[in-house]
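K.L.:
Structure file query14.txt (compact mmCIF, C-alpha atoms) is given on the next line.
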```txt
# COMPACT_ATOMS: atom_id res chain seq x y z
CA MET A 23 24.23 -11.76 98.19
CA THR A 24 21.08 -12.56 96.23
CA GLU A 25 20.11 -10.89 92.96
CA LYS A 26 17.27 -9.08 94.73
CA SER A 27 19.53 -7.64 97.45
CA ALA A 28 22.13 -6.68 94.83
CA LYS A 29 19.48 -4.70 92.95
CA LYS A 30 18.37 -2.98 96.16
CA LEU A 31 21.96 -1.97 96.90
CA GLY A 32 22.37 -0.77 93.32
CA TYR A 33 19.24 1.37 93.43
CA THR A 34 20.29 2.75 96.82
CA ILE A 35 23.72 3.87 95.59
CA VAL A 36 22.25 5.41 92.41
CA ILE A 37 19.64 7.32 94.44
CA LEU A 38 22.40 8.55 96.77
CA PHE A 39 24.34 9.75 93.72
CA VAL A 40 21.26 11.55 92.39
CA CYS A 41 20.85 13.25 95.77
CA ASN A 42 24.55 14.14 95.66
CA ILE A 43 24.37 15.93 92.30
CA LEU A 44 21.09 17.58 93.37
CA TYR A 45 22.60 18.66 96.69
CA PHE A 46 21.17 22.18 96.30
CA TYR A 47 17.70 20.84 97.14
CA PHE A 48 18.83 19.76 100.61
CA PRO A 49 19.65 21.80 103.75
CA PHE A 50 22.96 20.00 104.36
CA PRO A 51 26.24 19.61 102.42
CA PRO A 52 26.76 16.96 99.70
CA ALA A 53 29.44 15.36 101.91
CA ILE A 54 26.58 13.47 103.60
CA TRP A 55 25.62 11.73 100.35
CA ARG A 56 29.25 11.15 99.33
CA SER A 57 30.06 9.58 102.68
CA ALA A 58 27.11 7.21 102.36
CA ILE A 59 28.18 6.25 98.81
CA LEU A 60 31.77 5.67 99.97
CA ILE A 61 30.67 3.48 102.89
CA LEU A 62 28.49 1.30 100.66
CA ASP A 63 31.16 1.06 97.93
CA CYS A 64 33.83 0.00 100.43
CA TYR A 65 31.45 -2.49 102.07
CA ILE A 66 30.67 -4.14 98.72
CA ILE A 67 34.28 -4.21 97.54
CA LEU A 68 35.73 -5.58 100.80
CA LYS A 69 32.95 -8.08 101.50
CA TYR A 70 33.08 -9.61 98.02
CA ILE A 71 36.77 -9.15 97.23
CA ARG A 72 37.08 -12.93 96.82
CA CYS A 73 34.78 -12.78 93.80
CA GLY A 74 37.73 -11.44 91.86
CA PHE A 75 38.05 -8.32 89.74
CA THR A 76 38.95 -7.60 86.13
CA SER A 77 42.35 -6.08 85.39
CA THR A 78 40.63 -2.73 84.75
CA GLU A 79 39.02 -2.76 88.20
CA LYS A 80 42.33 -3.70 89.81
CA ALA A 81 44.09 -0.87 87.94
CA ILE A 82 41.45 1.64 89.08
CA MET A 83 41.66 0.53 92.72
CA SER A 84 45.46 0.62 92.65
CA PHE A 85 45.38 4.18 91.35
CA VAL A 86 42.84 5.21 94.01
CA ILE A 87 45.06 3.74 96.74
CA LEU A 88 48.09 5.57 95.33
CA VAL A 89 46.35 8.96 95.27
CA SER A 90 44.98 8.33 98.76
CA LEU A 91 48.48 7.66 100.12
CA TYR A 92 49.78 10.89 98.57
CA PHE A 93 46.81 12.78 100.00
CA PHE A 94 47.23 11.54 103.57
CA VAL A 95 51.00 12.05 103.49
CA GLY A 96 50.43 15.58 102.18
CA CYS A 97 47.94 16.28 104.95
CA LEU A 98 50.80 15.96 107.46
CA LYS A 99 52.13 19.25 106.06
CA TYR A 100 49.15 20.95 104.42
CA ASN A 101 45.49 21.18 105.36
CA PHE A 102 44.08 19.91 102.06
CA PRO A 103 40.31 20.09 101.47
CA PHE A 104 38.69 16.69 101.01
CA THR A 105 36.47 17.74 98.08
CA ASN A 106 38.57 16.37 95.22
CA MET A 107 39.26 13.15 97.08
CA GLY A 108 35.54 12.75 97.72
CA ASN A 109 34.88 13.32 94.02
CA MET A 110 37.44 10.68 93.07
CA TYR A 111 36.05 8.12 95.52
CA VAL A 112 32.49 8.65 94.25
CA GLY A 113 33.59 8.43 90.62
CA LEU A 114 36.21 5.68 90.57
CA LEU A 115 35.20 3.30 93.36
CA ALA A 116 31.83 2.92 91.62
CA PHE A 117 33.57 0.82 88.94
CA PRO A 118 34.50 -2.16 91.16
CA ALA A 119 31.47 -1.72 93.45
CA PHE A 120 28.87 -1.82 90.68
CA SER A 121 30.76 -4.60 88.92
CA VAL A 122 30.36 -6.76 92.03
CA LEU A 123 26.62 -6.08 92.01
CA ALA A 124 26.50 -6.89 88.30
CA ARG A 125 28.21 -10.23 88.92
CA LYS A 126 25.47 -10.93 91.45
CA GLY A 127 22.85 -10.43 88.75
CA ALA A 128 21.68 -6.89 89.54
CA PHE A 129 22.30 -5.45 86.07
CA ASP A 130 19.51 -6.94 84.03
CA ASN A 131 18.03 -4.88 81.20
CA THR A 132 15.18 -3.44 83.27
CA PHE A 133 17.43 -2.39 86.15
CA PHE A 134 19.94 -0.76 83.78
CA ARG A 135 17.23 1.10 81.85
CA ASN A 136 15.64 2.36 85.08
CA ILE A 137 18.83 3.72 86.62
CA ILE A 138 19.92 5.40 83.38
CA LEU A 139 16.53 7.07 82.98
CA LEU A 140 16.63 8.16 86.64
CA ILE A 141 20.08 9.70 86.24
CA THR A 142 19.10 11.32 82.92
CA ILE A 143 16.13 13.03 84.55
CA ALA A 144 18.29 14.14 87.50
CA CYS A 145 20.93 15.58 85.16
CA ILE A 146 18.50 18.19 83.83
CA PRO A 147 18.05 20.17 87.10
CA TYR A 148 21.78 19.60 87.77
CA TYR A 149 22.56 21.33 84.46
CA ILE A 150 20.08 24.16 85.08
CA HIS A 151 21.59 24.80 88.51
CA ALA A 152 25.15 24.76 87.10
CA LYS A 153 24.09 27.27 84.44
CA SER A 154 22.46 29.56 87.01
CA LEU A 155 25.66 29.56 89.07
CA VAL A 156 27.68 30.72 86.05
CA PHE A 157 25.22 33.54 85.32
CA LEU A 158 25.29 34.52 89.00
CA LEU A 159 29.10 34.69 88.90
CA TYR A 160 29.03 37.03 85.92
CA GLU A 161 26.32 39.11 87.57
CA GLU A 162 28.42 39.54 90.72
CA GLN A 163 31.28 40.74 88.52
CA GLY A 164 29.00 43.26 86.82
CA ILE A 165 29.23 41.52 83.43
CA GLU A 166 26.11 41.09 81.30
CA VAL A 167 26.09 38.01 79.07
CA GLU A 168 23.40 36.29 77.02
CA SER A 169 25.06 32.85 76.85
CA VAL A 170 27.69 31.03 78.88
CA THR A 171 29.74 27.85 78.81
CA VAL A 172 28.18 25.34 81.21
CA ASN A 173 30.70 22.82 82.52
CA GLY A 174 27.78 20.94 84.08
CA SER A 175 26.95 19.50 80.65
CA VAL A 176 29.66 16.92 81.42
CA VAL A 177 26.97 14.65 82.89
CA PHE A 178 25.42 14.25 79.45
CA ALA A 179 28.78 13.36 77.89
CA MET A 180 29.19 10.72 80.61
CA LEU A 181 25.74 9.33 79.80
CA THR A 182 26.40 8.69 76.10
CA PRO A 183 28.15 5.26 76.43
CA ALA A 184 25.13 3.91 78.35
CA ILE A 185 22.87 4.61 75.36
CA LEU A 186 24.50 1.72 73.50
CA LEU A 187 23.30 -0.79 76.11
CA ILE A 188 19.65 0.27 76.45
CA LYS A 189 17.64 -2.48 74.79
CA LYS A 190 14.48 -0.48 74.05
CA GLN A 191 15.39 1.72 71.09
CA LYS A 192 12.81 4.40 71.85
CA PHE A 193 14.31 4.90 75.32
CA ALA A 194 17.81 4.95 73.88
CA LEU A 195 16.80 7.57 71.31
CA ALA A 196 15.11 9.68 73.99
CA VAL A 197 18.25 9.66 76.17
CA ALA A 198 20.43 10.40 73.11
CA GLY A 199 18.23 13.36 72.17
CA ILE A 200 18.37 14.80 75.70
CA CYS A 201 22.15 14.41 75.79
CA VAL A 202 22.64 16.11 72.40
CA PHE A 203 20.35 19.02 73.31
CA PHE A 204 22.09 19.85 76.60
CA LEU A 205 25.60 19.22 75.27
CA LEU A 206 25.03 21.78 72.50
CA ALA A 207 23.24 24.16 74.86
CA GLY A 208 26.17 23.95 77.31
CA SER A 209 28.66 24.95 74.57
CA LYS A 210 31.48 23.14 76.38
CA ARG A 211 33.76 22.04 73.55
CA GLY A 212 35.45 19.22 75.46
CA ASN A 213 32.12 17.68 76.46
CA ILE A 214 30.79 17.87 72.90
CA LEU A 215 33.98 16.26 71.58
CA ALA A 216 33.79 13.48 74.20
CA SER A 217 30.26 12.54 73.11
CA ILE A 218 30.95 12.21 69.38
CA ILE A 219 32.36 8.66 69.29
CA PRO A 220 29.64 7.13 71.55
CA LEU A 221 26.88 8.77 69.49
CA LEU A 222 28.42 7.66 66.19
CA LEU A 223 28.74 4.10 67.50
CA PHE A 224 25.13 4.23 68.69
CA PHE A 225 23.89 5.13 65.20
CA TRP A 226 26.16 2.53 63.62
CA LYS A 227 24.83 -0.13 66.00
CA SER A 228 21.25 0.92 65.17
CA PHE A 229 22.03 0.63 61.45
CA GLN A 230 23.44 -2.88 61.91
CA GLN A 231 20.42 -3.99 63.92
CA ASN A 232 17.87 -2.69 61.41
CA ARG A 233 19.56 -3.27 58.04
CA ARG A 234 17.84 -6.63 57.45
CA SER A 235 14.39 -5.07 57.57
CA PHE A 236 13.59 -2.54 54.84
CA TRP A 237 10.93 -0.74 56.87
CA LYS A 238 12.99 -0.61 60.07
CA LEU A 239 15.98 0.63 58.10
CA LEU A 240 13.85 3.26 56.39
CA LEU A 241 12.41 4.39 59.73
CA MET A 242 15.90 4.57 61.22
CA LEU A 243 17.18 6.65 58.29
CA VAL A 244 14.22 9.02 58.67
CA VAL A 245 14.96 9.34 62.40
CA ILE A 246 18.67 9.97 61.76
CA GLY A 247 17.83 12.50 59.05
CA ALA A 248 15.40 14.32 61.34
CA ALA A 249 17.92 14.20 64.18
CA GLY A 250 20.65 15.58 61.93
CA HIS A 251 18.39 18.43 60.80
CA TRP A 252 17.42 19.15 64.41
CA ILE A 253 21.07 19.19 65.54
CA PHE A 254 22.00 21.46 62.63
CA ASP A 255 19.23 23.90 63.61
CA LEU A 256 20.37 23.82 67.23
CA ILE A 257 23.88 24.79 66.17
CA LEU A 258 22.67 27.54 63.82
CA ASP A 259 20.44 28.99 66.54
CA ASN A 260 23.28 29.03 69.07
CA ASP A 261 25.44 32.03 68.17
CA TYR A 262 27.55 31.51 71.28
CA LEU A 263 28.37 27.92 70.32
CA GLN A 264 29.31 29.00 66.80
CA ALA A 265 31.60 31.64 68.30
CA ARG A 266 33.20 28.97 70.49
CA PHE A 267 33.83 26.77 67.44
CA ASP A 268 35.28 29.76 65.61
CA GLN A 269 37.59 30.47 68.55
CA THR A 270 38.74 26.85 68.46
CA MET A 271 39.62 27.11 64.76
CA LYS A 272 41.62 30.26 65.54
CA GLY A 273 43.59 28.46 68.24
CA ASN A 274 41.79 29.79 71.32
CA SER A 275 42.37 27.19 74.03
CA SER A 276 40.98 29.17 76.99
CA HIS A 277 44.57 29.76 78.22
CA ARG A 278 45.23 26.03 78.42
CA ASP A 279 48.40 26.48 76.36
CA VAL A 280 49.83 28.70 79.12
CA ILE A 281 48.74 26.30 81.86
CA TYR A 282 50.12 23.28 80.00
CA SER A 283 53.50 24.88 79.28
CA THR A 284 53.79 26.03 82.91
CA MET A 285 53.07 22.55 84.25
CA TRP A 286 55.41 20.89 81.77
CA ASN A 287 58.24 23.30 82.65
CA LEU A 288 57.65 22.68 86.35
CA TRP A 289 57.98 18.92 85.96
CA ALA A 290 60.58 18.73 83.18
CA HIS A 291 62.90 21.63 84.09
CA LYS A 292 62.34 22.65 87.70
CA SER A 293 62.19 19.29 89.46
CA THR A 294 64.79 17.04 91.02
CA ASP A 295 65.23 13.46 89.88
CA ILE A 296 63.11 12.28 92.80
CA GLU A 297 60.36 14.76 91.94
CA MET A 298 60.40 13.67 88.31
CA LEU A 299 59.91 10.08 89.39
CA PHE A 300 57.48 10.56 92.28
CA GLY A 301 56.12 14.08 91.77
CA PHE A 302 55.77 17.12 94.00
CA GLY A 303 53.03 15.55 96.07
CA TYR A 304 49.27 15.91 96.24
CA ASN A 305 48.07 19.23 94.76
CA GLY A 306 51.63 19.93 93.60
CA SER A 307 50.30 21.81 90.57
CA LEU A 308 48.59 24.33 92.85
CA LEU A 309 51.41 24.60 95.36
CA TYR A 310 54.43 24.88 93.06
CA SER A 311 53.35 26.08 89.61
CA GLY A 312 53.04 29.71 90.66
CA ILE A 313 49.79 30.24 88.74
CA GLY A 314 47.32 28.79 91.25
CA TYR A 315 45.57 26.46 88.80
CA PHE A 316 45.19 22.75 88.34
CA ALA A 317 46.68 21.45 85.09
CA HIS A 318 43.26 20.90 83.42
CA ASN A 319 44.85 17.77 81.99
CA ASP A 320 45.14 14.46 83.84
CA TRP A 321 48.49 13.54 82.30
CA LEU A 322 50.21 16.77 83.34
CA GLU A 323 48.43 16.87 86.70
CA ILE A 324 49.59 13.35 87.52
CA LEU A 325 53.14 14.02 86.27
CA VAL A 326 53.42 17.07 88.53
CA ASP A 327 51.71 15.53 91.56
CA PHE A 328 52.75 11.86 91.37
CA GLY A 329 55.54 11.80 88.78
CA VAL A 330 56.27 9.06 86.26
CA PHE A 331 55.44 6.53 88.97
CA GLY A 332 51.86 7.79 89.26
CA LEU A 333 51.48 8.21 85.51
CA LEU A 334 52.24 4.51 84.97
CA PHE A 335 49.44 3.60 87.39
CA TYR A 336 47.02 5.83 85.48
CA LEU A 337 48.12 4.61 82.05
CA ASN A 338 47.54 1.06 83.23
CA ILE A 339 43.81 1.80 83.59
CA PHE A 340 43.56 2.79 79.91
CA LYS A 341 45.67 -0.15 78.80
CA CYS A 342 43.46 -2.62 80.67
CA LEU A 343 40.24 -0.97 79.50
CA PHE A 344 41.45 -0.97 75.88
CA ARG A 345 42.39 -4.65 76.10
CA PHE A 346 39.04 -5.47 77.73
CA SER A 347 37.22 -3.71 74.88
CA ILE A 348 39.07 -5.35 71.98
CA ASP A 349 38.91 -8.81 73.58
CA ASN A 350 35.13 -8.69 73.94
CA LYS A 351 33.45 -10.78 71.25
CA ILE A 352 30.01 -9.14 71.45
CA SER A 353 30.00 -6.04 69.26
CA THR A 354 27.53 -4.05 71.40
CA TYR A 355 29.64 -4.58 74.51
CA ARG A 356 32.81 -3.77 72.57
CA TYR A 357 31.26 -0.51 71.34
CA ALA A 358 30.15 0.41 74.87
CA LEU A 359 33.59 -0.26 76.36
CA PHE A 360 35.30 1.66 73.57
CA SER A 361 32.88 4.55 74.18
CA ILE A 362 33.75 4.56 77.89
CA LEU A 363 37.43 4.58 76.97
CA SER A 364 37.03 7.45 74.49
CA VAL A 365 34.98 9.64 76.85
CA TRP A 366 37.44 9.08 79.70
CA LEU A 367 40.45 9.67 77.45
CA ILE A 368 39.09 12.94 76.06
CA LYS A 369 38.12 14.16 79.53
CA ALA A 370 41.58 13.24 80.79
CA THR A 371 43.25 15.12 77.95
CA PHE A 372 41.18 18.30 77.70
CA SER A 373 39.91 18.65 81.24
CA MET A 374 40.17 16.53 84.37
CA GLY A 375 38.89 12.97 84.62
CA PHE A 376 40.12 11.06 87.63
CA ASN A 377 38.75 13.54 90.21
CA GLU A 378 35.35 13.94 88.51
CA GLU A 379 32.45 12.58 90.57
CA THR A 380 30.49 12.24 87.32
CA MET A 381 32.77 9.32 86.39
CA PHE A 382 30.20 7.46 88.49
CA ILE A 383 27.91 7.52 85.42
CA LEU A 384 30.59 5.87 83.25
CA SER A 385 30.86 3.02 85.76
CA LEU A 386 27.30 1.89 85.02
CA PRO A 387 27.77 0.67 81.41
CA PHE A 388 31.14 -0.74 82.45
CA ALA A 389 29.52 -2.79 85.23
CA TYR A 390 26.76 -3.93 82.87
CA VAL A 391 29.32 -5.44 80.47
CA VAL A 392 31.41 -6.97 83.28
CA GLY A 393 28.31 -8.57 84.81
CA LYS A 394 27.02 -9.99 81.52
CA ASP A 395 30.46 -11.42 80.68
CA TYR A 396 30.82 -12.97 84.13
CA LEU A 397 27.37 -14.55 84.16
CA HIS A 398 27.79 -15.84 80.60
CA LYS A 399 31.09 -17.53 81.47
CA LYS A 400 29.59 -18.92 84.67
CA LEU A 401 26.67 -20.40 82.73
CA PHE A 402 29.04 -21.86 80.14
CA ILE A 403 31.15 -23.55 82.86
CA THR A 404 28.01 -24.89 84.57
CA GLN A 405 26.72 -26.40 81.32
CA LYS A 406 30.06 -28.08 80.68
```
Output the file's structure in the form of structure tokens.

P.N.:
Amino acid sequence: MTEKSAKKLGYTIVILFVCNILYFYFPFPPAIWRSAILILDCYIILKYIRCGFTSTEKAIMSFVILVSLYFFVGCLKYNFPFTNMGNMYVGLLAFPAFSVLARKGAFDNTFFRNIILLITIACIPYYIHAKSLVFLLYEEQGIEVESVTVNGSVVFAMLTPAILLIKKQKFALAVAGICVFFLLAGSKRGNILASIIPLLLFFWKSFQQNRRSFWKLLLMLVVIGAAGHWIFDLILDNDYLQARFDQTMKGNSSHRDVIYSTMWNLWAHKSTDIEMLFGFGYNGSLLYSGIGYFAHNDWLEILVDFGVFGLLFYLNIFKCLFRFSIDNKISTYRYALFSILSVWLIKATFSMGFNEETMFILSLPFAYVVGKDYLHKKLFITQK
């Protein structure tokens, strides 16, 4: 595969993903776009499997295979919908697929900037549509509300690690500003929390880059000061967000404490030894908890569904990603990888991560770093 064809494939998959999240503009279901993404991902992974993968990519693919086996075995007894599996395939298989394209030279600075700007623009109508659906739900229930929590703001949390890798600072600042605005407007506490570390690392990186020039440093401090004032005003003007923060301080967890305790009791006290080790099977949290909810926490969801066995597979992803981040000698890449890790970890802990199609966005900065590392090592070996 040439660099040119790798870029074409990369643009194609990103455009398919944009169409997928903007499915409401099309007269057919998003399964069409997801199927196309899955076909291309599998083609890239299988065709170039001999190129080798990082331990993180191997851990992700192993986990995907495990969940797939549980799903298809479960389908022998239950008629499971394919939605969550489709979400997982779109989100997680993008990591090895895009990394292959990056190794082929697709992820240069221009390509990366273009796809991040394209996704950022697409995320705005995605958010607006998600917000309208929430208002519509309340309206159907006869409830009048002025503000709502918009789960769709997750796309902007997923975008924040990519900001660290955009070379042009004005573009990076523009994307950061858009992310902050919609994260605060969405009032989703988990998404706001997930974005904090990437944004702090972005400002720290900017400080390090500009500290040797007085005027650049002064300009950066003015920008940070203005941004801080703007963010403060956004929070003050958002009474709903302030109420959400106040509820958090008072221990309001949106009934997650009940869900968590129910799932823990199911796994720890109501399971056999086999079920503790291998879980209750795909969607076990829905089938056996008695409350009809997912766990809203990857660790508990995996314990219930796939047991300790499945949890070890999932933990291996974080172990490999953490090792990949601390072993990287380039600070910008290390910050980006650590940001990916932090966003994924927070999503896994306070919501659901592994079956989020928006994990696709996290795969882009990951692939960028993998590709740059691979090409640098290849060049070093060639020169030797």

K.L.:
Please indicate the distance in Å from CA of Cys73 (chain A) to CA of Val122 (chain A), rounded to one decimal place.

P.N.:
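Straight-line distance from CA of Cys73 (chain A) to CA of Val122 (chain A) works out to 7.7 Å.
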
K.L.:
Between CA of Asn350 (chain A) and CA of Ile71 (chain A), measure the distance and give it in Å to one decimal.

P.N.:
23.4 Å

K.L.:
Residues of region 133-218 of chain A that have any atom at most 9 Å from an atom of region 378-393 of chain A: could you tabulate them with the shortest-distance atom pair and the distance in Å to one decimal, using all atoms listed in the file, ordered by chain and increasing number, as JSON lines?

P.N.:
```
{"residue": "A:Phe134", "atom": "CA", "partner": "A:Tyr390", "partner_atom": "CA", "distance": 7.6}
{"residue": "A:Ile137", "atom": "CA", "partner": "A:Leu386", "partner_atom": "CA", "distance": 8.8}
{"residue": "A:Ile138", "atom": "CA", "partner": "A:Leu386", "partner_atom": "CA", "distance": 8.3}
{"residue": "A:Ile141", "atom": "CA", "partner": "A:Ile383", "partner_atom": "CA", "distance": 8.2}
{"residue": "A:Val176", "atom": "CA", "partner": "A:Thr380", "partner_atom": "CA", "distance": 7.6}
{"residue": "A:Val177", "atom": "CA", "partner": "A:Thr380", "partner_atom": "CA", "distance": 6.2}
{"residue": "A:Met180", "atom": "CA", "partner": "A:Leu384", "partner_atom": "CA", "distance": 5.7}
{"residue": "A:Leu181", "atom": "CA", "partner": "A:Ile383", "partner_atom": "CA", "distance": 6.3}
{"residue": "A:Thr182", "atom": "CA", "partner": "A:Leu384", "partner_atom": "CA", "distance": 8.8}
{"residue": "A:Pro183", "atom": "CA", "partner": "A:Pro387", "partner_atom": "CA", "distance": 6.8}
{"residue": "A:Ala184", "atom": "CA", "partner": "A:Pro387", "partner_atom": "CA", "distance": 5.2}
{"residue": "A:Ile185", "atom": "CA", "partner": "A:Pro387", "partner_atom": "CA", "distance": 8.7}
{"residue": "A:Leu186", "atom": "CA", "partner": "A:Pro387", "partner_atom": "CA", "distance": 8.6}
{"residue": "A:Leu187", "atom": "CA", "partner": "A:Pro387", "partner_atom": "CA", "distance": 7.1}
```

K.L.:
Taking all atoms listed in the file into account, produce a table as JSON lines in which each residue of region 118-159 of chain A with an atom at most 12 Å from an atom of region 56-68 of chain A appears once, together with its shortest atom pair and the distance in Å to one decimal, ordered by chain and rising number.

P.N.:
```
{"residue": "A:Pro118", "atom": "CA", "partner": "A:Ile67", "partner_atom": "CA", "distance": 6.7}
{"residue": "A:Ala119", "atom": "CA", "partner": "A:Asp63", "partner_atom": "CA", "distance": 5.3}
{"residue": "A:Phe120", "atom": "CA", "partner": "A:Asp63", "partner_atom": "CA", "distance": 8.1}
{"residue": "A:Ser121", "atom": "CA", "partner": "A:Ile67", "partner_atom": "CA", "distance": 9.3}
{"residue": "A:Val122", "atom": "CA", "partner": "A:Ile66", "partner_atom": "CA", "distance": 7.2}
{"residue": "A:Leu123", "atom": "CA", "partner": "A:Ile66", "partner_atom": "CA", "distance": 8.1}
{"residue": "A:Ala124", "atom": "CA", "partner": "A:Ile66", "partner_atom": "CA", "distance": 11.6}
{"residue": "A:Arg125", "atom": "CA", "partner": "A:Ile66", "partner_atom": "CA", "distance": 11.8}
{"residue": "A:Lys126", "atom": "CA", "partner": "A:Ile66", "partner_atom": "CA", "distance": 11.2}
```

K.L.:
Which residues are near Tyr149 (chain A)? Cut-off 9 Å, all atoms listed in the file, ignore same chain within fewer than 3 positions. Put them as a PyMOL selection string.

P.N.:
chain A and resi 144-146+152-154+172-177+204+208

K.L.:
Measure the distance from CA of Gly108 (chain A) to CA of Phe302 (chain A) in Å and round it to one decimal.

P.N.:
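It comes out at 21.0 Å.
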
K.L.:
Nearest residue to Trp321 (chain A) out of A:Ala358, A:Met298, A:Ile87, A:Met374, using all atoms listed in the file?

P.N.:
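For Trp321 (chain A), the nearest of the candidates is A:Met374.
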
K.L.:
Restricting the calculation to all atoms listed in the file, which member of A:Phe50, A:Trp226, A:Tyr355, A:Phe178 is positioned closest to Gly212 (chain A)?

P.N.:
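With all atoms listed in the file as the atom set, the closest residue is A:Phe178.
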
K.L.:
Go through region 275-356 of chain A residue by residue and, counting all atoms listed in the file, keep those with an atom at most 6 Å from region 75-85 of chain A; for each kept residue give the shortest atom pair and its distance in Å to one decimal, ordered by chain and increasing number, as CSV.

P.N.:
```
residue,atom,partner,partner_atom,distance
A:Phe335,CA,A:Phe85,CA,5.7
A:Ile339,CA,A:Ala81,CA,5.1
A:Cys342,CA,A:Thr78,CA,5.0
A:Leu343,CA,A:Thr78,CA,5.6
```

K.L.:
Between A:Lys292, A:Ile43, A:Ser90, A:Ile281, single out the one closest to Ile313 (chain A), counting all atoms listed in the file.

P.N.:
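Among the listed residues, the smallest separation from Ile313 (chain A) belongs to A:Ile281.
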